[in-house]
>>> print(open('work_23.cif').read())   # mmCIF, C-alpha atoms and all ligand atoms
data_protein
loop_
_atom_site.label_atom_id
_atom_site.label_comp_id
_atom_site.auth_asym_id
_atom_site.auth_seq_id
_atom_site.Cartn_x
_atom_site.Cartn_y
_atom_site.Cartn_z
CA ALA R 955 27.88 9.15 -1.90
CA LEU R 956 25.59 7.88 -4.64
CA GLY R 957 26.02 4.28 -5.64
CA GLU R 958 28.08 3.39 -2.59
CA GLU R 959 26.98 1.07 0.16
CA PRO R 960 25.10 3.09 2.77
CA ASP R 961 27.20 3.72 5.85
CA TRP R 962 24.95 2.23 8.49
CA GLU R 963 27.24 3.47 11.26
CA THR R 964 26.45 7.10 10.56
CA SER R 965 22.89 6.45 9.46
CA GLU R 966 22.16 5.49 13.05
CA CYS R 967 19.84 7.97 14.65
CA LYS R 968 19.69 7.97 18.45
CA THR R 969 19.20 10.66 21.05
CA SER R 970 22.23 11.33 23.24
CA ASP R 971 20.77 8.96 25.87
CA GLY R 972 20.33 6.18 23.33
CA VAL R 973 16.67 6.33 22.31
CA GLU R 974 16.49 5.05 18.75
CA ILE R 975 14.56 7.13 16.21
CA LEU R 976 13.77 5.57 12.85
CA LEU R 977 14.30 8.10 10.06
CA ARG R 978 12.87 7.31 6.67
CA GLY R 979 12.26 9.54 3.66
CA ASN R 980 9.45 10.93 1.52
CA ILE R 981 9.61 10.38 -2.24
CA GLY R 982 7.40 11.10 -5.27
CA VAL R 983 9.22 9.45 -8.20
CA PRO R 984 11.78 6.61 -8.51
CA GLU R 985 14.55 9.13 -9.20
CA ASP R 986 14.20 10.33 -5.60
CA VAL R 987 15.55 6.98 -4.39
CA ALA R 988 19.13 8.19 -4.97
CA ALA R 989 18.55 10.89 -2.35
CA ILE R 990 17.23 8.29 0.12
CA SER R 991 20.48 6.33 -0.15
CA ALA R 992 22.66 9.43 -0.19
CA SER R 993 21.04 10.75 2.98
CA LYS R 994 21.35 7.35 4.66
CA LEU R 995 17.65 7.10 5.39
CA MET R 996 16.30 3.73 6.49
CA GLY R 997 13.79 3.34 3.69
CA VAL R 998 10.75 5.21 2.44
CA GLY R 999 8.05 6.26 4.89
CA LEU R 1000 5.93 7.92 2.22
CA PHE R 1001 5.89 7.26 -1.53
CA ARG R 1002 3.43 9.79 -2.94
CA THR R 1003 2.40 7.77 -5.99
CA GLU R 1004 0.03 10.34 -7.49
CA PHE R 1005 3.04 12.40 -8.59
CA LEU R 1006 3.96 9.64 -11.06
CA PHE R 1007 0.85 10.40 -13.09
CA MET R 1008 0.17 14.09 -12.65
CA GLU R 1009 0.93 14.71 -16.35
CA ALA R 1010 -0.60 11.47 -17.68
CA GLN R 1011 -3.06 11.76 -20.57
CA THR R 1012 -4.22 8.16 -20.19
CA ARG R 1013 -4.96 6.00 -17.18
CA PRO R 1014 -1.87 4.31 -15.74
CA ASP R 1015 -1.97 0.57 -16.30
CA THR R 1016 -1.02 -2.09 -13.79
CA ARG R 1017 2.10 -3.16 -15.67
CA SER R 1018 3.71 0.30 -15.82
CA GLN R 1019 2.93 0.82 -12.14
CA PHE R 1020 4.38 -2.57 -11.25
CA GLU R 1021 7.59 -1.62 -13.08
CA THR R 1022 7.83 1.69 -11.27
CA TYR R 1023 7.19 0.30 -7.80
CA SER R 1024 9.61 -2.58 -8.49
CA GLU R 1025 12.27 -0.10 -9.54
CA VAL R 1026 12.03 1.61 -6.15
CA ALA R 1027 11.91 -1.68 -4.24
CA ASN R 1028 14.92 -3.08 -6.13
CA ALA R 1029 16.97 0.06 -5.58
CA LEU R 1030 16.31 -0.08 -1.84
CA GLN R 1031 16.62 -3.75 -1.08
CA ASP R 1032 16.33 -4.67 2.59
CA CYS R 1033 14.64 -1.33 3.31
CA SER R 1034 10.99 -0.90 4.20
CA ILE R 1035 8.91 1.08 1.72
CA VAL R 1036 5.50 2.58 2.43
CA ILE R 1037 3.56 3.08 -0.78
CA ARG R 1038 0.64 5.45 -0.43
CA THR R 1039 -2.30 4.86 -2.77
CA PHE R 1040 -3.19 7.77 -5.07
CA ASP R 1041 -4.04 10.91 -3.15
CA LEU R 1042 -6.07 12.48 -5.97
CA GLY R 1043 -8.80 15.08 -6.03
CA GLY R 1044 -8.72 18.68 -4.90
CA ASP R 1045 -5.80 20.34 -6.64
CA LYS R 1046 -4.32 16.98 -7.68
CA LEU R 1047 -6.21 16.10 -10.88
CA PRO R 1048 -4.16 14.62 -13.73
CA PRO R 1049 -5.25 15.24 -17.35
CA PHE R 1050 -6.62 11.70 -17.78
CA LEU R 1051 -9.22 12.40 -15.11
CA LEU R 1052 -10.07 15.92 -16.25
CA GLN R 1053 -10.66 14.72 -19.82
CA GLU R 1054 -13.16 12.08 -18.90
CA GLU R 1055 -16.59 13.55 -19.15
CA ALA R 1056 -18.08 10.78 -17.06
CA HIS R 1057 -16.72 12.38 -13.92
CA SER R 1058 -19.40 13.92 -11.87
CA SER R 1059 -18.39 17.03 -10.04
CA SER R 1060 -19.15 15.27 -6.75
CA CYS R 1061 -16.41 12.75 -7.52
CA LEU R 1062 -13.95 15.51 -8.34
CA ARG R 1063 -14.67 17.19 -5.04
CA ARG R 1064 -13.60 14.07 -3.15
CA ARG R 1065 -10.01 13.59 -2.10
CA GLY R 1066 -7.66 10.77 -1.18
CA LEU R 1067 -9.27 7.50 -0.23
CA GLN R 1068 -12.82 8.82 -0.84
CA PHE R 1069 -11.82 9.64 -4.41
CA SER R 1070 -10.27 6.20 -4.88
CA LEU R 1071 -13.36 4.44 -3.54
CA LEU R 1072 -15.39 6.14 -6.28
CA GLU R 1073 -12.71 5.33 -8.87
CA ARG R 1074 -12.54 1.65 -8.01
CA GLN R 1075 -10.93 0.50 -11.24
CA LEU R 1076 -8.06 2.90 -10.82
CA MET R 1077 -7.64 1.86 -7.18
CA GLU R 1078 -7.79 -1.86 -7.99
CA SER R 1079 -5.23 -1.59 -10.75
CA GLN R 1080 -2.89 0.26 -8.40
CA LEU R 1081 -3.40 -2.25 -5.58
CA CYS R 1082 -2.72 -5.08 -7.98
CA ALA R 1083 0.65 -3.53 -8.91
CA ILE R 1084 1.58 -2.75 -5.29
CA LEU R 1085 0.57 -6.17 -3.95
CA LYS R 1086 2.54 -7.92 -6.65
CA VAL R 1087 5.71 -6.07 -5.61
CA ALA R 1088 4.85 -6.82 -1.97
CA GLN R 1089 5.25 -10.53 -2.66
CA THR R 1090 9.01 -10.13 -2.83
CA SER R 1091 9.80 -6.83 -1.06
CA ASP R 1092 9.18 -5.16 2.30
CA ILE R 1093 6.18 -3.07 1.24
CA SER R 1094 3.43 -1.49 3.33
CA VAL R 1095 0.34 0.19 1.90
CA LEU R 1096 -0.88 3.54 3.21
CA PHE R 1097 -4.28 5.12 2.53
CA PRO R 1098 -4.53 8.93 2.38
CA MET R 1099 -7.24 11.16 3.88
CA VAL R 1100 -8.92 8.38 5.83
CA LEU R 1101 -12.11 9.62 7.52
CA GLY R 1102 -13.01 6.63 9.68
CA SER R 1103 -13.67 2.91 9.81
CA ASP R 1104 -16.17 2.97 6.94
CA ASP R 1105 -13.75 4.07 4.20
CA LEU R 1106 -10.79 2.27 5.76
CA SER R 1107 -12.61 -1.07 5.96
CA GLN R 1108 -13.71 -0.71 2.33
CA ALA R 1109 -10.08 -0.21 1.34
CA VAL R 1110 -8.98 -3.21 3.38
CA ALA R 1111 -11.70 -5.32 1.74
CA MET R 1112 -10.46 -4.24 -1.67
CA VAL R 1113 -6.92 -5.30 -0.76
CA ASP R 1114 -8.23 -8.68 0.43
CA ARG R 1115 -10.12 -9.18 -2.82
CA VAL R 1116 -7.07 -8.40 -4.96
CA LEU R 1117 -4.87 -10.71 -2.84
CA ASP R 1118 -7.42 -13.45 -3.26
CA GLN R 1119 -7.98 -12.89 -6.95
CA PHE R 1120 -4.28 -13.22 -7.81
CA GLY R 1121 -3.45 -15.85 -5.23
CA PHE R 1122 -0.92 -13.53 -3.55
CA ILE R 1123 0.30 -15.00 -0.28
CA ASN R 1124 2.02 -12.07 1.43
CA ALA R 1125 -0.48 -9.60 2.83
CA PRO R 1126 1.40 -6.34 3.52
CA PRO R 1127 0.74 -4.14 6.55
CA LEU R 1128 -2.02 -1.61 5.85
CA GLY R 1129 -1.89 1.89 7.30
CA ALA R 1130 -4.10 4.94 7.57
CA MET R 1131 -2.96 8.54 7.27
CA ILE R 1132 -4.29 10.66 10.10
CA GLU R 1133 -4.67 14.03 8.46
CA THR R 1134 -8.37 14.89 8.51
CA PRO R 1135 -10.33 16.32 11.45
CA ALA R 1136 -12.82 13.45 10.97
CA ALA R 1137 -10.09 10.89 11.68
CA LEU R 1138 -9.36 12.58 15.02
CA PHE R 1139 -12.86 11.63 16.12
CA ALA R 1140 -12.58 8.06 14.85
CA LEU R 1141 -9.16 7.11 16.19
CA ASP R 1142 -10.19 4.02 18.13
CA GLU R 1143 -12.11 2.53 15.23
CA ILE R 1144 -9.30 3.33 12.77
CA LEU R 1145 -6.74 1.82 15.13
CA ASP R 1146 -8.85 -1.34 15.44
CA ILE R 1147 -8.36 -1.85 11.69
CA ALA R 1148 -5.01 -0.30 10.75
CA ASP R 1149 -1.64 -2.06 11.18
CA PHE R 1150 0.04 1.35 11.50
CA ILE R 1151 -0.82 5.04 11.21
CA ALA R 1152 1.05 7.99 9.73
CA ILE R 1153 0.29 11.54 10.87
CA GLY R 1154 0.17 13.92 7.90
CA THR R 1155 0.86 17.27 9.50
CA ASN R 1156 0.54 19.18 6.20
CA ASP R 1157 -3.13 18.46 5.70
CA LEU R 1158 -3.95 18.12 9.37
CA THR R 1159 -2.58 21.62 10.02
CA GLN R 1160 -4.33 23.16 7.01
CA GLN R 1161 -7.63 21.58 7.83
CA LEU R 1162 -7.60 22.25 11.56
CA LEU R 1163 -6.60 25.88 11.05
CA VAL R 1164 -9.03 26.35 8.14
CA ALA R 1165 -6.19 27.47 5.90
CA GLY R 1166 -7.00 27.08 2.21
CA ASN R 1167 -4.77 24.96 0.04
CA ASP R 1168 -4.74 27.19 -3.03
CA GLY R 1169 -1.26 26.23 -4.12
CA GLY R 1170 0.34 29.35 -2.68
CA ASP R 1171 2.92 29.25 0.06
CA MET R 1172 1.53 28.98 3.54
CA ASP R 1173 2.47 31.78 5.87
CA ASP R 1174 4.40 30.88 9.00
CA SER R 1175 1.33 30.91 11.21
CA CYS R 1176 -0.06 27.86 9.41
CA SER R 1177 2.21 25.49 11.28
CA ALA R 1178 1.93 22.37 13.40
CA THR R 1179 3.16 24.57 16.26
CA HIS R 1180 -0.39 25.88 16.66
CA PRO R 1181 -1.73 24.57 20.00
CA ALA R 1182 -4.74 22.93 18.30
CA VAL R 1183 -2.47 20.91 16.03
CA LEU R 1184 -0.09 19.95 18.84
CA ARG R 1185 -3.00 18.74 20.96
CA ALA R 1186 -4.39 16.79 18.01
CA ILE R 1187 -1.01 15.11 17.49
CA GLU R 1188 -0.79 14.28 21.21
CA LYS R 1189 -4.26 12.72 21.05
CA VAL R 1190 -3.27 10.58 18.05
CA ILE R 1191 -0.06 9.38 19.70
CA LYS R 1192 -1.87 8.48 22.94
CA ALA R 1193 -4.50 6.51 21.04
CA ALA R 1194 -1.82 4.67 19.04
CA VAL R 1195 0.08 3.79 22.22
CA LYS R 1196 -3.14 2.49 23.79
CA HIS R 1197 -3.69 0.26 20.75
CA GLN R 1198 0.02 -0.68 20.57
CA CYS R 1199 -0.06 0.49 16.98
CA PRO R 1200 3.06 1.89 15.28
CA VAL R 1201 2.73 5.62 14.56
CA TYR R 1202 4.99 8.03 12.71
CA VAL R 1203 4.87 11.55 11.32
CA CYS R 1204 5.44 12.20 7.62
CA GLY R 1205 4.38 15.82 7.09
CA GLU R 1206 7.04 18.28 5.93
CA GLU R 1207 7.30 19.93 9.32
CA ALA R 1208 8.63 16.70 10.84
CA ALA R 1209 11.87 17.78 9.15
CA ARG R 1210 12.03 21.04 11.07
CA PRO R 1211 14.64 19.96 13.66
CA GLU R 1212 13.16 21.64 16.74
CA LEU R 1213 9.69 20.35 15.86
CA ALA R 1214 11.11 16.85 15.36
CA ILE R 1215 12.42 17.08 18.94
CA LEU R 1216 9.00 18.21 20.15
CA LEU R 1217 7.41 15.22 18.39
CA ILE R 1218 9.92 12.88 20.02
CA GLY R 1219 9.00 14.44 23.35
CA LEU R 1220 5.37 13.63 22.57
CA GLY R 1221 6.29 9.98 22.09
CA ILE R 1222 7.10 9.73 18.37
CA ARG R 1223 9.96 7.30 17.56
CA GLU R 1224 9.73 7.38 13.80
CA LEU R 1225 9.77 10.21 11.26
CA SER R 1226 9.61 10.32 7.49
CA VAL R 1227 11.24 13.44 6.11
CA SER R 1228 12.31 15.03 2.87
CA PRO R 1229 15.79 13.58 2.13
CA SER R 1230 17.30 17.05 1.84
CA ASN R 1231 16.54 17.64 5.53
CA ALA R 1232 17.74 14.29 6.83
CA LEU R 1233 21.23 15.33 7.88
CA GLN R 1234 20.11 18.31 9.93
CA VAL R 1235 17.30 16.39 11.65
CA ARG R 1236 19.64 13.51 12.50
CA GLN R 1237 22.27 15.85 13.94
CA THR R 1238 19.72 17.62 16.10
CA ILE R 1239 18.26 14.35 17.38
CA ARG R 1240 21.75 13.14 18.33
CA SER R 1241 22.36 16.31 20.30
CA ILE R 1242 19.40 16.04 22.70
CA ASP R 1243 18.24 13.57 25.32
CA LEU R 1244 14.74 12.27 25.87
CA LYS R 1245 14.27 14.23 29.09
CA GLU R 1246 14.89 17.54 27.28
CA ALA R 1247 12.53 16.53 24.49
CA THR R 1248 9.80 15.52 26.93
CA GLU R 1249 10.15 18.77 28.88
CA LEU R 1250 9.89 20.76 25.65
CA ALA R 1251 6.76 18.84 24.65
CA ASN R 1252 5.13 19.25 28.07
CA ARG R 1253 5.76 22.97 28.09
CA ALA R 1254 4.53 23.34 24.51
CA LEU R 1255 1.32 21.48 25.32
CA LYS R 1256 0.56 24.01 28.04
CA CYS R 1257 0.74 26.96 25.63
CA HIS R 1258 -2.47 28.59 24.49
CA ARG R 1259 -0.85 30.59 21.71
CA GLN R 1260 1.25 29.65 18.75
CA ASP R 1261 3.76 32.45 19.30
CA GLU R 1262 4.45 31.03 22.78
CA VAL R 1263 5.22 27.63 21.24
CA GLU R 1264 7.46 29.24 18.62
CA CYS R 1265 9.26 31.15 21.35
CA LEU R 1266 9.87 27.92 23.28
CA LEU R 1267 11.28 26.27 20.15
CA ARG R 1268 13.54 29.25 19.39
CA LYS R 1269 14.93 29.19 22.94
CA PHE R 1270 15.47 25.45 22.68
CA VAL R 1271 17.71 25.68 19.62
CA SER R 1272 19.52 28.89 20.59
C1 LIG R 1301 0.54 15.47 4.82
O1 LIG R 1301 -0.59 15.89 4.57
O2 LIG R 1301 1.20 15.81 5.81
C2 LIG R 1301 1.17 14.50 3.92
C3 LIG R 1301 2.30 13.89 4.22
O3 LIG R 1301 0.56 14.28 2.73
P1 LIG R 1301 0.72 15.23 1.46
O4 LIG R 1301 1.74 16.28 1.81
O5 LIG R 1301 1.14 14.38 0.33
O6 LIG R 1301 -0.66 15.76 1.31
MG MG R 1302 -1.74 14.88 3.05
#
>>> encode(input="work_23.cif", output="structure tokens")
Amino acid sequence: ALGEEPDWETSECKTSDGVEILLRGNIGVPEDVAAISASKLMGVGLFRTEFLFMEAQTRPDTRSQFETYSEVANALQDCSIVIRTFDLGGDKLPPFLLQEEAHSSSCLRRRGLQFSLLERQLMESQLCAILKVAQTSDISVLFPMVLGSDDLSQAVAMVDRVLDQFGFINAPPLGAMIETPAALFALDEILDIADFIAIGTNDLTQQLLVAGNDGGDMDDSCSATHPAVLRAIEKVIKAAVKHQCPVYVCGEEAARPELAILLIGLGIRELSVSPSNALQVRQTIRSIDLKEATELANRALKCHRQDEVECLLRKFVS
């Protein structure tokens, strides 16, 4: 229950044959931290910071960001927290950006890290706040919508400059989200730079299946169960294993229990899910062994059609 010490006994998440799966949670605002503790998740795998400022009329300053990130870190002491830099652009444009006439339309068409690299001041002020918290807490930094080594190395250089400028000693692990088709063709160079990667199945699925993100609900066919998406995920995991780089999945579908099993079968050992789904995912993981998961993944990878994959998953849980 809220406010109580987490029960680490039951938070344990292992397959029936003892393979440990790290389950962390996705959050958007500090209030979500209560759900992380209540669902006995082992920290935050994705803090979507842009949601803090979606209604903001003025640019967020470093101090207010520092306070917010500290609040999360203090509430989850001893847990690892992955803070993602602003994933702005596209349909995520807060009032303070829309009001500024200086914005060229080309900037507004950029998303994620590309947007931040054009909005350097905003990015630097955020990094300053995150890196300050990282001096005393277990913080990692994650960059959204990475395209390749060019943008990722610019982001890393910016982190290095801020660390240097403020004399910060602890350099946190830096990660890249793999959620653009471009990143799939730049995996080796991304993995040469990144300390970890996080597969964002929401955007990866939408972009690979050319499904527009117009704010409406996606129909069921826009799912990571599409063979193209499954093969992309397999490719990412293989590349990460080759580079001995930690990899996890943080898209919403990772919380669909049968898909979580499929991902484990593909080699994933870490998931970040919406706290409301944690219990169900954990129970399902405990009920299967690695052999079953691997068989499911191998069979799914052979499918040429999404309905075949869905049929396999339905049979698996029935
Ligand atoms: C994703 O794309 O899967 C992801 C986790 O990022 P977001 O949902 O915030 O775009
Ligand atoms: Mg995304």
>>> atom_distance(input="work_23.cif", atom1="atom CA of R:His1197", atom2="atom CA of R:Arg1185")
18.5 Å
>>> closest_residue(input="work_23.cif", among="R:Ile1222, R:Ala1140, R:Leu1096, R:Leu1233", to="ligand MG 1302 (chain R)", atoms="all atoms listed in the file")
R:Leu1096
>>> closest_residue(input="work_23.cif", among="R:Gly979, R:Met1131, R:Ala992, R:Val998", to="R:Asp1041", atoms="only C-alpha atoms")
R:Met1131
>>> closest_atom_pairs(input="work_23.cif", of="chain R", to="ligand LIG 1301 (chain R)", cutoff="6 Å", atoms="only C-alpha atoms and all ligand atoms", output="tab-separated table")
residue	atom	partner	partner_atom	distance
R:Glu1133	CA	R:LIG1301	O1	5.9
R:Gly1154	CA	R:LIG1301	O2	3.0
R:Thr1155	CA	R:LIG1301	O2	4.0
R:Asn1156	CA	R:LIG1301	O2	3.5
R:Asp1157	CA	R:LIG1301	O1	3.8
R:Cys1204	CA	R:LIG1301	C3	4.9
R:Gly1205	CA	R:LIG1301	O2	3.4
>>> closest_atom_pairs(input="work_23.cif", of="chain R", to="ligand MG 1302 (chain R)", cutoff="12 Å", atoms="all atoms listed in the file", output="tab-separated table")
residue	atom	partner	partner_atom	distance
R:Asn980	CA	R:MG1302	MG	12.0
R:Leu1000	CA	R:MG1302	MG	10.4
R:Phe1001	CA	R:MG1302	MG	11.7
R:Arg1002	CA	R:MG1302	MG	9.4
R:Glu1004	CA	R:MG1302	MG	11.6
R:Arg1038	CA	R:MG1302	MG	10.3
R:Thr1039	CA	R:MG1302	MG	11.6
R:Phe1040	CA	R:MG1302	MG	10.9
R:Asp1041	CA	R:MG1302	MG	7.7
R:Leu1042	CA	R:MG1302	MG	10.3
R:Gly1043	CA	R:MG1302	MG	11.5
R:Gly1044	CA	R:MG1302	MG	11.2
R:Asp1045	CA	R:MG1302	MG	11.8
R:Lys1046	CA	R:MG1302	MG	11.2
R:Arg1065	CA	R:MG1302	MG	9.8
R:Gly1066	CA	R:MG1302	MG	8.4
R:Leu1067	CA	R:MG1302	MG	11.0
R:Leu1096	CA	R:MG1302	MG	11.4
R:Phe1097	CA	R:MG1302	MG	10.1
R:Pro1098	CA	R:MG1302	MG	6.6
R:Met1099	CA	R:MG1302	MG	6.7
R:Val1100	CA	R:MG1302	MG	10.1
R:Ala1130	CA	R:MG1302	MG	11.2
R:Met1131	CA	R:MG1302	MG	7.7
R:Ile1132	CA	R:MG1302	MG	8.6
R:Glu1133	CA	R:MG1302	MG	6.2
R:Thr1134	CA	R:MG1302	MG	8.6
R:Ala1152	CA	R:MG1302	MG	10.0
R:Ile1153	CA	R:MG1302	MG	8.7
R:Gly1154	CA	R:MG1302	MG	5.3
R:Thr1155	CA	R:MG1302	MG	7.4
R:Asn1156	CA	R:MG1302	MG	5.8
R:Asp1157	CA	R:MG1302	MG	4.7
R:Leu1158	CA	R:MG1302	MG	7.4
R:Thr1159	CA	R:MG1302	MG	9.7
R:Gln1160	CA	R:MG1302	MG	9.5
R:Gln1161	CA	R:MG1302	MG	10.1
R:Asn1167	CA	R:MG1302	MG	10.9
R:Val1203	CA	R:MG1302	MG	11.1
R:Cys1204	CA	R:MG1302	MG	8.9
R:Gly1205	CA	R:MG1302	MG	7.4
R:Glu1206	CA	R:MG1302	MG	9.8
>>> residues_around(input="work_23.cif", residues="R:Thr1016", least_positions_apart="5", cutoff="10 Å", atoms="only C-alpha atoms", output="MDAnalysis selection string")
chainID R and resid 1021:1022 1076 1078:1084 1086
>>> closest_residue(input="work_23.cif", among="R:Leu1250, R:Ala989, R:Ala1165, R:Val1116", to="R:Met1077", atoms="all atoms listed in the file")
R:Val1116
>>> atom_distance(input="work_23.cif", atom1="atom CA of R:Pro1126", atom2="atom CA of R:Leu1085")
7.5 Å
>>> atom_distance(input="work_23.cif", atom1="atom CA of R:Glu1224", atom2="atom CA of R:Ile1151")
11.1 Å
>>> residues_around(input="work_23.cif", residues="R:Gly972", least_positions_apart="5", cutoff="12 Å", atoms="all atoms listed in the file", output="PyMOL selection string")
chain R and resi 966-967+1223+1239-1245
>>> closest_residue(input="work_23.cif", among="R:Cys1199, R:Ser1070, R:Thr1179, R:Leu1225", to="R:Arg1268", atoms="all atoms listed in the file")
R:Thr1179
>>> closest_residue(input="work_23.cif", among="R:Gln1075, R:Gln1198, R:Ser1175, R:Gln1089", to="R:Asp1015", atoms="all atoms listed in the file")
R:Gln1075
>>> closest_residue(input="work_23.cif", among="R:Ala1136, R:His1258, R:Arg1210, R:Asp1032", to="R:Met996", atoms="only C-alpha atoms")
R:Asp1032
>>> residues_near_point(input="work_23.cif", point="(5.5, 8.0, -5.1)", cutoff="7 Å", atoms="all atoms listed in the file", output="PyMOL selection string")
chain R and resi 981-983+1001-1006+1037
>>> write_last_selection(input="work_23.cif", atoms="C-alpha atoms", output="compact mmCIF listing (two decimals), in the coordinates of the input")
# COMPACT_ATOMS: atom_id res chain seq x y z
CA ILE R 981 9.61 10.38 -2.24
CA GLY R 982 7.40 11.10 -5.27
CA VAL R 983 9.22 9.45 -8.20
CA PHE R 1001 5.89 7.26 -1.53
CA ARG R 1002 3.43 9.79 -2.94
CA THR R 1003 2.40 7.77 -5.99
CA GLU R 1004 0.03 10.34 -7.49
CA PHE R 1005 3.04 12.40 -8.59
CA LEU R 1006 3.96 9.64 -11.06
CA ILE R 1037 3.56 3.08 -0.78
